[in-house]
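Text of the file start22.cif, holding mmCIF, C-alpha atoms:
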```cif
data_structure
#
loop_
_atom_site.label_atom_id
_atom_site.label_comp_id
_atom_site.auth_asym_id
_atom_site.auth_seq_id
_atom_site.Cartn_x
_atom_site.Cartn_y
_atom_site.Cartn_z
CA MET G 1 145.61 150.97 65.57
CA LYS G 2 145.36 154.69 64.78
CA LYS G 3 145.12 155.46 68.51
CA ILE G 4 148.20 153.37 69.27
CA PHE G 5 150.17 155.09 66.48
CA THR G 6 149.15 158.50 67.85
CA LEU G 7 150.29 157.58 71.35
CA ILE G 8 153.64 156.33 70.03
CA LEU G 9 154.09 159.52 68.01
CA LEU G 10 153.32 161.69 71.04
CA ALA G 11 155.72 159.68 73.16
CA CYS G 12 158.47 160.16 70.57
CA LEU G 13 157.81 163.88 70.35
CA CYS G 14 157.89 164.24 74.12
CA PHE G 15 161.12 162.26 74.36
CA GLY G 16 162.67 164.33 71.59
CA GLY G 17 161.50 167.54 73.22
CA ASN G 18 163.09 166.56 76.53
CA ALA G 19 166.28 165.57 74.76
CA ILE G 20 166.79 169.04 73.30
CA ALA G 21 164.96 171.12 75.91
CA GLN G 22 167.84 171.44 78.35
CA CYS G 23 171.59 171.34 77.87
CA THR G 24 173.98 170.91 80.76
CA SER G 25 177.48 172.35 81.07
CA PRO G 26 179.94 169.79 82.49
CA VAL G 27 181.79 172.51 84.42
CA SER G 28 181.23 172.86 88.16
CA SER G 29 184.12 175.25 88.93
CA TYR G 30 186.18 177.70 86.91
CA ASP G 31 189.88 178.43 86.66
CA LEU G 32 189.42 181.54 84.50
CA ILE G 33 186.89 184.29 85.27
CA VAL G 34 186.61 186.95 82.55
CA ALA G 35 185.15 190.18 83.95
CA SER G 36 186.66 192.64 81.45
CA THR G 37 188.75 191.78 78.37
CA ILE G 38 191.26 188.92 78.33
CA VAL G 39 193.25 187.61 75.38
CA ARG G 40 194.62 184.07 75.46
CA SER G 41 197.17 183.09 72.86
CA GLY G 42 200.18 180.87 72.25
CA SER G 43 200.72 177.15 71.96
CA ASN G 44 201.05 176.61 75.73
CA ALA G 45 197.94 178.41 76.92
CA GLY G 46 196.55 175.12 78.18
CA TYR G 47 193.20 173.64 79.07
CA ILE G 48 190.73 175.92 80.82
CA GLN G 49 187.27 175.92 82.31
CA GLY G 50 186.21 179.50 81.76
CA TYR G 51 183.34 181.79 82.65
CA VAL G 52 182.72 185.04 80.74
CA CYS G 53 180.82 187.58 82.83
CA ASN G 54 178.39 190.29 81.76
CA GLY G 55 180.61 192.84 80.01
CA GLY G 56 183.51 190.40 79.74
CA VAL G 57 185.23 189.53 76.45
CA LEU G 58 187.37 186.42 76.04
CA ILE G 59 189.47 186.44 72.86
CA ASP G 60 190.68 182.85 72.71
CA SER G 61 193.09 182.21 69.87
CA ALA G 62 195.24 179.73 71.78
CA THR G 63 196.44 176.72 69.82
CA CYS G 64 196.34 174.20 72.63
CA CYS G 65 193.88 172.05 74.37
CA THR G 66 190.15 171.69 74.80
CA ARG G 67 188.32 174.31 76.83
CA PHE G 68 184.78 174.56 78.17
CA VAL G 69 183.47 178.12 78.39
CA VAL G 70 180.18 179.40 79.80
CA VAL G 71 179.30 182.80 78.31
CA ASP G 72 176.89 184.73 80.52
CA SER G 73 174.38 187.33 79.32
CA GLY G 74 176.24 190.41 78.09
CA GLY G 75 179.51 188.50 77.66
CA SER G 76 181.35 187.61 74.44
CA LEU G 77 183.60 184.77 73.33
CA ILE G 78 185.71 185.34 70.20
CA VAL G 79 187.73 182.37 68.97
CA GLY G 80 190.69 181.97 66.66
CA PRO G 81 191.79 179.54 63.95
CA ILE G 82 193.15 176.50 65.82
CA SER G 83 191.34 176.64 69.16
CA TYR G 84 188.69 174.09 70.04
CA GLY G 85 186.22 173.31 72.79
CA GLY G 86 182.64 173.60 73.95
CA ALA G 87 180.83 176.91 74.49
CA TYR G 88 177.62 177.29 76.47
CA VAL G 89 176.08 180.59 75.32
CA LEU G 90 173.29 181.99 77.46
CA ASN G 91 170.50 184.37 76.41
CA GLY G 92 172.00 187.78 75.64
CA ALA G 93 175.53 186.43 75.20
CA THR G 94 177.58 186.31 71.98
CA PHE G 95 179.77 183.65 70.36
CA ASN G 96 181.83 184.86 67.39
CA GLY G 97 183.58 182.07 65.52
CA GLN G 98 185.18 184.40 62.96
CA ASN G 99 184.47 181.66 60.38
CA MET G 100 187.29 179.60 61.94
CA SER G 101 185.40 177.75 64.67
CA ASN G 102 184.88 174.38 62.99
CA ASN G 103 186.41 172.66 66.05
CA TRP G 104 183.94 174.26 68.47
CA GLN G 105 180.65 172.74 69.66
CA VAL G 106 178.27 175.54 70.60
CA PHE G 107 175.24 175.08 72.88
CA ALA G 108 173.00 178.13 72.65
CA GLU G 109 169.84 179.37 74.34
CA PRO G 110 167.14 180.91 72.07
CA ASN G 111 168.22 184.55 72.52
CA ALA G 112 171.95 183.94 72.34
CA THR G 113 173.88 185.35 69.38
CA VAL G 114 176.02 182.88 67.42
CA ILE G 115 177.77 184.45 64.43
CA ASN G 116 180.42 183.43 61.91
CA HIS G 117 180.35 179.90 63.33
CA SER G 118 181.62 177.10 61.10
CA GLY G 119 181.23 174.28 63.63
CA THR G 120 178.15 172.62 65.07
CA THR G 121 175.43 174.31 67.11
CA THR G 122 172.92 172.71 69.43
CA ALA G 123 169.79 174.71 70.21
CA CYS G 124 168.92 174.62 73.93
CA ALA G 125 165.68 175.87 75.43
CA GLN G 126 167.69 176.31 78.61
CA ILE G 127 171.26 175.61 79.73
CA ALA G 128 171.98 174.25 83.19
CA TYR G 129 175.27 175.68 84.46
CA THR G 130 177.16 176.71 87.58
CA ALA G 131 177.20 180.50 87.95
CA SER G 132 180.23 182.58 88.92
CA ASN G 133 180.32 185.62 91.18
CA CYS G 134 182.41 187.42 88.53
CA ILE G 135 184.74 189.12 91.02
CA MET G 136 188.27 189.41 89.65
CA SER G 137 190.98 188.70 92.18
CA VAL G 138 193.79 191.20 92.66
CA PRO G 139 196.99 190.04 94.36
CA GLN G 140 197.44 191.23 97.92
CA ASN G 141 199.56 194.40 98.15
CA ALA G 142 199.53 194.69 94.37
CA SER G 143 199.85 198.11 92.78
CA SER G 144 197.15 199.13 90.33
CA VAL G 145 197.19 201.06 87.08
CA SER G 146 196.06 204.63 87.68
CA SER G 147 195.97 205.74 84.04
CA VAL G 148 196.64 204.59 80.49
CA ALA G 149 196.95 207.17 77.74
CA LEU G 150 197.86 207.04 74.06
CA SER G 151 200.13 209.90 73.00
CA GLY G 152 201.26 209.75 69.40
CA THR G 153 202.88 206.34 68.98
CA ASN G 154 203.43 205.84 72.73
CA LEU G 155 201.07 204.02 75.09
CA ASN G 156 201.78 205.49 78.52
CA PHE G 157 201.05 203.64 81.75
CA ALA G 158 201.03 205.20 85.22
CA PHE G 159 200.87 203.09 88.38
CA THR G 160 199.70 204.03 91.86
CA SER G 161 203.16 203.21 93.21
CA VAL G 162 206.55 201.89 92.12
CA VAL G 163 206.03 198.40 90.69
CA SER G 164 208.15 195.35 90.05
CA ASP G 165 207.54 192.03 88.30
CA VAL G 166 205.05 193.71 85.95
CA THR G 167 204.58 192.63 82.33
CA ILE G 168 202.68 194.67 79.75
CA GLU G 169 201.49 192.81 76.66
CA LEU G 170 199.78 194.16 73.56
CA PHE G 171 197.67 191.85 71.36
CA ASP G 172 196.21 192.29 67.91
CA VAL G 173 192.63 191.19 67.12
CA THR G 174 193.75 187.65 66.31
CA GLY G 175 195.32 187.24 69.73
CA ASN G 176 198.95 187.50 68.65
CA VAL G 177 201.33 189.31 71.00
CA VAL G 178 202.79 192.28 69.09
CA ARG G 179 204.57 193.93 72.05
CA SER G 180 205.71 192.60 75.42
CA GLU G 181 207.69 194.65 77.92
CA LYS G 182 208.79 194.32 81.55
CA VAL G 183 208.45 197.02 84.19
CA ASN G 184 210.66 196.95 87.28
CA GLN G 185 211.20 199.60 89.94
CA SER G 186 209.19 202.27 88.18
CA ALA G 187 205.84 204.03 88.59
CA VAL G 188 205.50 204.88 84.88
CA HIS G 189 206.17 203.09 81.62
CA SER G 190 205.92 204.08 77.96
CA MET G 191 205.38 201.41 75.30
CA ASN G 192 206.37 202.49 71.78
CA LEU G 193 203.81 201.40 69.18
CA ASN G 194 205.73 202.70 66.19
CA GLY G 195 205.44 200.38 63.17
CA LEU G 196 202.07 198.90 64.12
CA ALA G 197 199.19 199.18 61.66
CA GLY G 198 196.14 201.20 62.60
CA GLY G 199 193.31 199.26 64.23
CA VAL G 200 192.07 197.83 67.52
CA TYR G 201 194.51 196.27 69.97
CA MET G 202 194.18 194.85 73.48
CA TYR G 203 196.65 195.46 76.28
CA ARG G 204 197.09 193.37 79.41
CA VAL G 205 199.05 194.37 82.51
CA MET G 206 200.13 191.51 84.77
CA GLN G 207 201.89 191.52 88.11
CA GLY G 208 203.40 188.09 88.38
CA THR G 209 200.62 185.80 87.15
CA GLU G 210 197.76 188.11 88.14
CA VAL G 211 195.98 190.42 85.68
CA ILE G 212 195.71 193.92 87.18
CA SER G 213 194.45 195.81 84.12
CA THR G 214 193.23 195.06 80.62
CA ASP G 215 191.43 197.09 77.96
CA LYS G 216 191.45 197.96 74.29
CA VAL G 217 193.36 200.70 72.49
CA VAL G 218 192.63 202.08 69.02
CA LEU G 219 195.50 203.19 66.79
CA GLN G 220 194.64 205.62 64.02
#
```

Reformat the file's structure so that it appears as structure tokens.
Amino acid sequence: MKKIFTLILLACLCFGGNAIAQCTSPVSSYDLIVASTIVRSGSNAGYIQGYVCNGGVLIDSATCCTRFVVVDSGGSLIVGPISYGGAYVLNGATFNGQNMSNNWQVFAEPNATVINHSGTTTACAQIAYTASNCIMSVPQNASSVSSVALSGTNLNFAFTSVVSDVTIELFDVTGNVVRSEKVNQSAVHSMNLNGLAGGVYMYRVMQGTEVISTDKVVLQ
């Protein structure tokens, strides 16, 4: 009887170990590749299947729809108050719930960093996922940003050529758009930041629907 009980116990432990040993992301392809810094916000941001590359930062404070995000080693996912979804956080990656992530299910490998998370976390010995090549697409014949410089209360953008259909957006750390300006038929543009509080902001430059530049700016 003791031998039978031991065998049953071992079988249960093995089954339980297999059940938690490997987690599998349901995503086989991605419609958002994050290779630098991208901020998603607004009520119509929509459903995504995202992949955050090494060095990429996805600030996702959108208030719409479920999203599945794989966060690769060296990448970071920062979420906002009403967003929800499933995050698959690999070794060396970071998930920051900002104590507002109760609607997120996080699957994390042993050496992943999960902080300020108020939702549920599943420990995974290993996560099975589809990798991305992490190459950001740039629209054909698109102009690029040659320089971005902060001078006083002005954020100055210079392009490699005269641009049209370009939108520059500035986000605060919660993902809210605090400035949005259009650029047409110009090779330079100055965005006035007067009235904004000191701190870290993110800018995004888009030509049409394509991101051509994004980075952070620190106001003193």

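Residues matched by the PyMOL selection byres ((chain G and resi 118-128) around 7) in this file are Ile20, Ala21, Gln22, Cys23, Thr24, Ser25, Gly97, Asn99, Met100, Ser101, Asn102, Asn103, Trp104, Gln105, Val106, Phe107, Ala108, Glu109, Pro110, Asn116, His117 and Tyr129 of chain G.
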
Evaluate the PyMOL selection byres ((chain G and resi 38) around 10) against this structure - the residues, as a list in words, please.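 Evaluating the PyMOL selection byres ((chain G and resi 38) around 10) on these coordinates yields Leu32, Ile33, Val34, Ala35, Ser36, Thr37, Val39, Arg40, Ser41, Val52, Gly56, Val57, Leu58, Ile59, Asp60, Phe171, Gly175, Met202, Tyr203, Arg204, Val211, Ser213, Thr214, Asp215 and Lys216 of chain G.
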
Counting all atoms listed in the file, which residue out of G:Val69, G:Val178, G:Met206, G:Ala158 sits closest to Ser190 of chain G?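 When distances to Ser190 of chain G are compared using all atoms listed in the file, the smallest one comes from G:Ala158.
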
Gap from atom CA of Leu170 of chain G to atom CA of Val217 of chain G - Å, one decimal: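 Separating atom CA of Leu170 of chain G from atom CA of Val217 of chain G is a distance of 9.2 Å.
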
When the PyMOL selection byres ((chain G and resi 89-93) around 8) is applied to the file above, which residues end up in the set, as a short mmCIF file (atom, residue, chain, number, x, y, z; two decimals) with C-alpha atoms, keeping the file's coordinate frame?
```cif
data_model
loop_
_atom_site.label_atom_id
_atom_site.label_comp_id
_atom_site.auth_asym_id
_atom_site.auth_seq_id
_atom_site.Cartn_x
_atom_site.Cartn_y
_atom_site.Cartn_z
CA VAL G 70 180.18 179.40 79.80
CA VAL G 71 179.30 182.80 78.31
CA ASP G 72 176.89 184.73 80.52
CA SER G 73 174.38 187.33 79.32
CA GLY G 74 176.24 190.41 78.09
CA GLY G 75 179.51 188.50 77.66
CA SER G 76 181.35 187.61 74.44
CA ALA G 87 180.83 176.91 74.49
CA TYR G 88 177.62 177.29 76.47
CA THR G 94 177.58 186.31 71.98
CA PHE G 95 179.77 183.65 70.36
CA VAL G 106 178.27 175.54 70.60
CA PHE G 107 175.24 175.08 72.88
CA ALA G 108 173.00 178.13 72.65
CA GLU G 109 169.84 179.37 74.34
CA PRO G 110 167.14 180.91 72.07
CA ASN G 111 168.22 184.55 72.52
CA ALA G 112 171.95 183.94 72.34
CA THR G 113 173.88 185.35 69.38
CA ILE G 127 171.26 175.61 79.73
#
```

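Residues of protein, DNA or RNA having at least one counted atom within 7 Å of (187.8, 170.0, 73.2), given all atoms listed in the file, are Cys65, Thr66, Arg67, Tyr84, Gly85 and Gly86 of chain G.
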